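Novice: Sending over a structure as structure tokens; questions will come in a sec.
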Amino acid sequence: MNHSKWNVKLKIIWNYFLACLIAIIVMIPFLWMLSTSLKSKGALMQIPIEWIPQNPTLDSYRMVFSRFPFLRAILNSFFITCSYTVVTILSASMAAFAFTKIQFPYGDTVFKLYLASMMIPTQVTMIPLFVIMNNLGLINTYPSVILPSLFRAFAVFMLVQQMRGIPNDYIEAAELDGAGLFRIYRTVVLPLSGSAIATLTITTFMESWNDYLWPLLMLNDKNRMTLTLALNSLNGQYGTEYNILMAGSLLSMIPIVVIYALAQKYFKEGLMAGGVKG
Amino acid sequence: MSKKRQKRALKNAIPFMLPSFLGMIVFSFLPIIISIAISFTNWNGLDKLSYKTLASNFVFLDNYKQILGTSEFWKVLGHTCYYIVLYIPMVLIMSLLIASILNKNMKGITVFRIMYYIPVLTSWVAASLIWKWVLSPQYGILNQLLGYIGISGPGWLTDKVWAMPAIVLASVWKDMGFYGLFLLSGLKAIDTGYYEAAIVDGAGKMKQFFSITLPLLSPSMFFCIIMALINAFQLFPQVQIMTEGGPNGATQVMVERIYTYGFKYFKMGYASAYSWLLFVIIFILTLIQMKLQNKWVHYES
């Protein structure tokens with residue numbers, strides 16, 4: 001009996017050991033980022049390496065803001081990401097409502113086209129889309145990054161699956177009460193799709209916040225750049241001043257990590273729904 | 001349904017469909033058609049795009065022939081394969097480990113789960129910058145740590161041989177939490193009754209793992225592998241920021257080539273043809289994935 005008790009204890013210790021080992025592997029680059037961001041330029045190239053900065057300073061954080069319109073980039077990122085997410089949800093939920101609750105002619109065909117479009121990787125449409133945006137004179141404007149959210153096939157697909165589960169009786173009952181379609185959409189269907197919409201909101205927010213390639217093609221004016229582009233541009237200008245780069249990287253991560261900690265559940269559901277990855 | 005009712009349904013649907021449908025036409029349908037057209041031409045991206053410019057630069061399949069005929073394309077595919085061969089086993093082992101750790105009922109497991117997921121939340125731009133600094137030959141911590149155990153580390157991103165493994169390392173670190181959490185839900189779906197029966201039969205831990213866990217988890221693992229393969233062919237931000245395809249072209253990959261040809265050399269036709277070759281590869285992988293997904297969903301029910 002005593003023997004097996006020890007066995008159980010050893011097993012728990014072993015499990016914690018493994019869990020901590022992986023945590024160390026995951027966290028070391030982040031701790032290195034934090035440590036570097038608190039160093040002065042001179043301390044960067046110290047050999048042997050200073051694991052913990054001997055003279056910690058917040059200068060790098062000050063320099064991020066003085067050498068680049070970084071505050072502007074933060075605001076741009078928030079504006080673009082929020083608009084992108086709201087447009088995605090509105091457009092996709094309206095389409096999903098029409099597909100599932102209004103039996104309109106050729107609806108199934110259109111839906112199949114939507115599904116087929118998911119097969120085309122974004123790299124294929126990127127060049128013509130660049131040309132279209134250029135011809136519309138939208139390069140270096142916020143709409144060039146926000147407008148593509150009008151059509152997000154995956155979001156429509158996910159919401160169609162959710163809305164199919166809403167009984168048609170509810171719709172008919174509301175219709176008998178004299179509610180118009182927009183009222184049914186707003187007061188019956190949207191609330192009943194709450195969890196799917198929450199999941200979609202969070203995954204879309206994360207994707208848009210971290211997006212790189214499309215904004216890179218669209219925005220090259222410093223004052224319009226999102227955070228990822230700001231970091232990219234800092235990297236181009238101050239490629240060796242890692243204290244500044246690490247301070248900027250750390251700042252860019254904070255909002256997403258906070259949202260994750262608050263809404264873990266929806267991240268998990270997003271993961272299951274179809275592999276939305278950053 | 002009567003004609004009149006159909007007409008009314010269409011009229012009702014139009015306001016709801018309009019934003020999304022217009023979006024599809026402008027941001028998906030038209031670009032796809034234009035992309036095919038451009039891929040048959042030598043259009044340089046600077047003249048205004050019109051039927052006339054495209055027709056006068058028409059070369060039909062020359063771009064495709066040229067790409068498939070140069071050694072560069074095969075070299076680029078080779079780099080992707082090198083990435084895949086290193087990345088898939090590493091990410092699978094790490095994510096299985098993460099899934100099995102998170103599947104235990106330990107105190108404080110939520111904290112570990114949040115930690116393991118932070119790299120997934122980080123943008124590739126930030127993650128690439130962090131790793132560029134971690135991998136710095138002289139001042140980075142990786143070579144410092146290797147130095148403690150008596151290994152003198154390579155130049156990583158500046159070394160032809162080690163640049164791709166370095167990118168793999170960063171990618172495994174970034175993605176393992178994602179696949180780990182995905183596999184975790186697969187583990188949670190396994191009926192504990194199987195394990196209880198196995199214990200009664202006297203099967204050891206190893207036997208349980210190989211005869212229960214692995215076979216029952218294999219559908220999710222295949223799904224992960226296909227997902228990882230599709231992502232591998234679309235490798236871009238980490239390469240663009242960490243090496244820009246270098247040193248000496250050792251980390252050039254498909255999307256990096258498309259970006260470079262299209263937006264640095266303005267060879268739009270060539271780049272578009274490249275992107276359609278990418279589509280063919282991803283299309284095949286997606287078909288396999290859909291086949292497996294059906295099987296996978298069926299399995300659970």
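Residues are referred to by chain and number: the chain letter is A, B, ... according to the order shown in the structure tokens, the number counts from 1 in that chain, and ligands are numbered separately from 1 in the order shown.
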Hey, what's within 12 Å of A:Glu241 if we count only C-alpha atoms and toss same-chain stuff fewer than 4 positions away? As a PyMOL selection string, please?
Specialist: (chain A and resi 36-37+39-45+60+63-64+234-237+245-248) or (chain B and resi 129+132-133)
Novice: Could you produce a table of the residues of chain B lying within 7 Å of chain A, with the nearest pair of atoms per residue and their separation in Å rounded to one decimal, using only C-alpha atoms, ordered by chain and increasing residue number, as CSV?
Specialist:
```
residue,atom,partner,partner_atom,distance
B:Gln6,CA,A:Phe104,CA,6.4
B:Ala9,CA,A:Phe104,CA,5.0
B:Leu10,CA,A:Phe104,CA,5.0
B:Ala13,CA,A:Ala98,CA,5.5
B:Phe16,CA,A:Met94,CA,5.0
B:Met17,CA,A:Ala95,CA,4.8
B:Pro19,CA,A:Ser91,CA,5.9
B:Ser20,CA,A:Phe151,CA,5.0
B:Gly23,CA,A:Phe151,CA,4.7
B:Met24,CA,A:Phe151,CA,5.3
B:Phe27,CA,A:Pro148,CA,6.2
B:Ser28,CA,A:Thr125,CA,6.8
B:Pro31,CA,A:Pro128,CA,5.1
B:Ile32,CA,A:Thr125,CA,5.7
B:Ile34,CA,A:Pro128,CA,6.1
B:Ser35,CA,A:Pro128,CA,5.9
B:Ile101,CA,A:Ala19,CA,6.3
B:Phe112,CA,A:Ala23,CA,6.8
B:Met115,CA,A:Ala23,CA,6.7
B:Tyr116,CA,A:Val26,CA,6.4
B:Ile118,CA,A:Val257,CA,6.9
B:Val120,CA,A:Gly278,CA,6.3
B:Leu121,CA,A:Gly278,CA,6.6
B:Thr122,CA,A:Met253,CA,6.0
B:Ser123,CA,A:Asn210,CA,4.7
B:Val125,CA,A:Thr228,CA,6.0
B:Ala126,CA,A:Ser249,CA,4.9
B:Ile130,CA,A:Met33,CA,6.3
B:Val134,CA,A:Pro29,CA,6.7
B:Tyr139,CA,A:Met45,CA,6.2
B:Trp173,CA,A:Val26,CA,6.7
B:Phe182,CA,A:Met272,CA,7.0
B:Ser272,CA,A:Val124,CA,6.7
B:Ser275,CA,A:Val124,CA,5.1
B:Trp276,CA,A:Val124,CA,6.4
B:Phe279,CA,A:Pro121,CA,6.4
B:Phe283,CA,A:Met119,CA,6.5
```
Novice: If you run DSSP over the backbone, which residues in stretch 82-123 of chain B end up helix (DSSP H, G or I)? Put them as a ChimeraX atom specification.
Specialist: /B:82-102,109-121
Novice: Between atom CA of A:Thr85 and atom CA of A:Ala116, what is the distance in Å, rounded to a tenth?
Specialist: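 The value is 22.7 Å.
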Novice: To one decimal place, how far is atom CA of B:Pro247 from atom CA of B:Ile67 in Å?
Specialist: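 Result for atom CA of B:Pro247 versus atom CA of B:Ile67: 21.8 Å, one decimal.
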Novice: Contacts of B:Leu68 at 12 Å or less, counting only C-alpha atoms, minus same-chain residues fewer than 4 places along, as an NGL selection string?
Specialist: :B and (61-64 or 72-77 or 270 or 273-274 or 277)
Novice: Suppose you want the space between atom CA of B:Phe222 and atom CA of B:Leu292; what is it in Å?
Specialist: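 Taking atom CA of B:Phe222 and atom CA of B:Leu292, their separation equals 7.8 Å.
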Novice: Which residues are near B:Val85? Cut-off 12 Å, only C-alpha atoms, ignore same chain within fewer than 5 positions. Put them as number ranges by chain.
Specialist: B: 78-80, 90-92, 164-165, 168, 225, 228-229, 232
Novice: Those same residues, written as an mmCIF file, in the first residue's frame with N, CA, C and O atoms?
Specialist:
```
data_model
loop_
_atom_site.group_PDB
_atom_site.id
_atom_site.type_symbol
_atom_site.label_atom_id
_atom_site.label_comp_id
_atom_site.auth_asym_id
_atom_site.auth_seq_id
_atom_site.Cartn_x
_atom_site.Cartn_y
_atom_site.Cartn_z
ATOM 1 N N GLY B 78 11.559 21.722 -53.201
ATOM 2 C CA GLY B 78 12.476 20.966 -52.351
ATOM 3 C C GLY B 78 12.611 21.603 -50.972
ATOM 4 O O GLY B 78 12.582 20.904 -49.958
ATOM 5 N N HIS B 79 12.701 22.940 -50.944
ATOM 6 C CA HIS B 79 12.790 23.630 -49.653
ATOM 7 C C HIS B 79 11.555 23.367 -48.819
ATOM 8 O O HIS B 79 11.628 23.147 -47.614
ATOM 9 N N THR B 80 10.372 23.415 -49.482
ATOM 10 C CA THR B 80 9.132 23.158 -48.749
ATOM 11 C C THR B 80 9.132 21.732 -48.190
ATOM 12 O O THR B 80 8.718 21.506 -47.064
ATOM 13 N N MET B 90 8.279 16.841 -35.644
ATOM 14 C CA MET B 90 8.533 17.623 -34.437
ATOM 15 C C MET B 90 7.250 18.191 -33.846
ATOM 16 O O MET B 90 7.000 18.108 -32.645
ATOM 17 N N VAL B 91 6.412 18.751 -34.724
ATOM 18 C CA VAL B 91 5.205 19.395 -34.209
ATOM 19 C C VAL B 91 4.231 18.347 -33.690
ATOM 20 O O VAL B 91 3.519 18.566 -32.708
ATOM 21 N N LEU B 92 4.220 17.155 -34.320
ATOM 22 C CA LEU B 92 3.315 16.101 -33.846
ATOM 23 C C LEU B 92 3.724 15.615 -32.463
ATOM 24 O O LEU B 92 2.884 15.475 -31.568
ATOM 25 N N MET B 164 16.833 26.888 -42.799
ATOM 26 C CA MET B 164 15.508 26.255 -42.819
ATOM 27 C C MET B 164 15.183 25.559 -41.497
ATOM 28 O O MET B 164 14.104 25.747 -40.952
ATOM 29 N N PRO B 165 16.112 24.768 -40.933
ATOM 30 C CA PRO B 165 15.834 24.207 -39.603
ATOM 31 C C PRO B 165 15.501 25.289 -38.570
ATOM 32 O O PRO B 165 14.657 25.066 -37.693
ATOM 33 N N VAL B 168 11.993 26.170 -39.055
ATOM 34 C CA VAL B 168 11.171 25.061 -38.534
ATOM 35 C C VAL B 168 11.038 25.173 -37.018
ATOM 36 O O VAL B 168 9.945 25.042 -36.466
ATOM 37 N N ILE B 225 -2.109 16.552 -39.674
ATOM 38 C CA ILE B 225 -1.019 16.454 -40.653
ATOM 39 C C ILE B 225 -1.415 17.163 -41.943
ATOM 40 O O ILE B 225 -0.639 17.942 -42.504
ATOM 41 N N ALA B 228 -1.373 20.819 -41.452
ATOM 42 C CA ALA B 228 0.014 21.290 -41.400
ATOM 43 C C ALA B 228 0.625 21.318 -42.797
ATOM 44 O O ALA B 228 1.403 22.221 -43.122
ATOM 45 N N LEU B 229 0.280 20.336 -43.635
ATOM 46 C CA LEU B 229 0.813 20.306 -45.000
ATOM 47 C C LEU B 229 0.320 21.509 -45.796
ATOM 48 O O LEU B 229 1.093 22.181 -46.478
ATOM 49 N N ALA B 232 2.079 24.443 -44.704
ATOM 50 C CA ALA B 232 3.489 24.423 -45.085
ATOM 51 C C ALA B 232 3.676 24.988 -46.488
ATOM 52 O O ALA B 232 4.636 25.701 -46.753
#
```
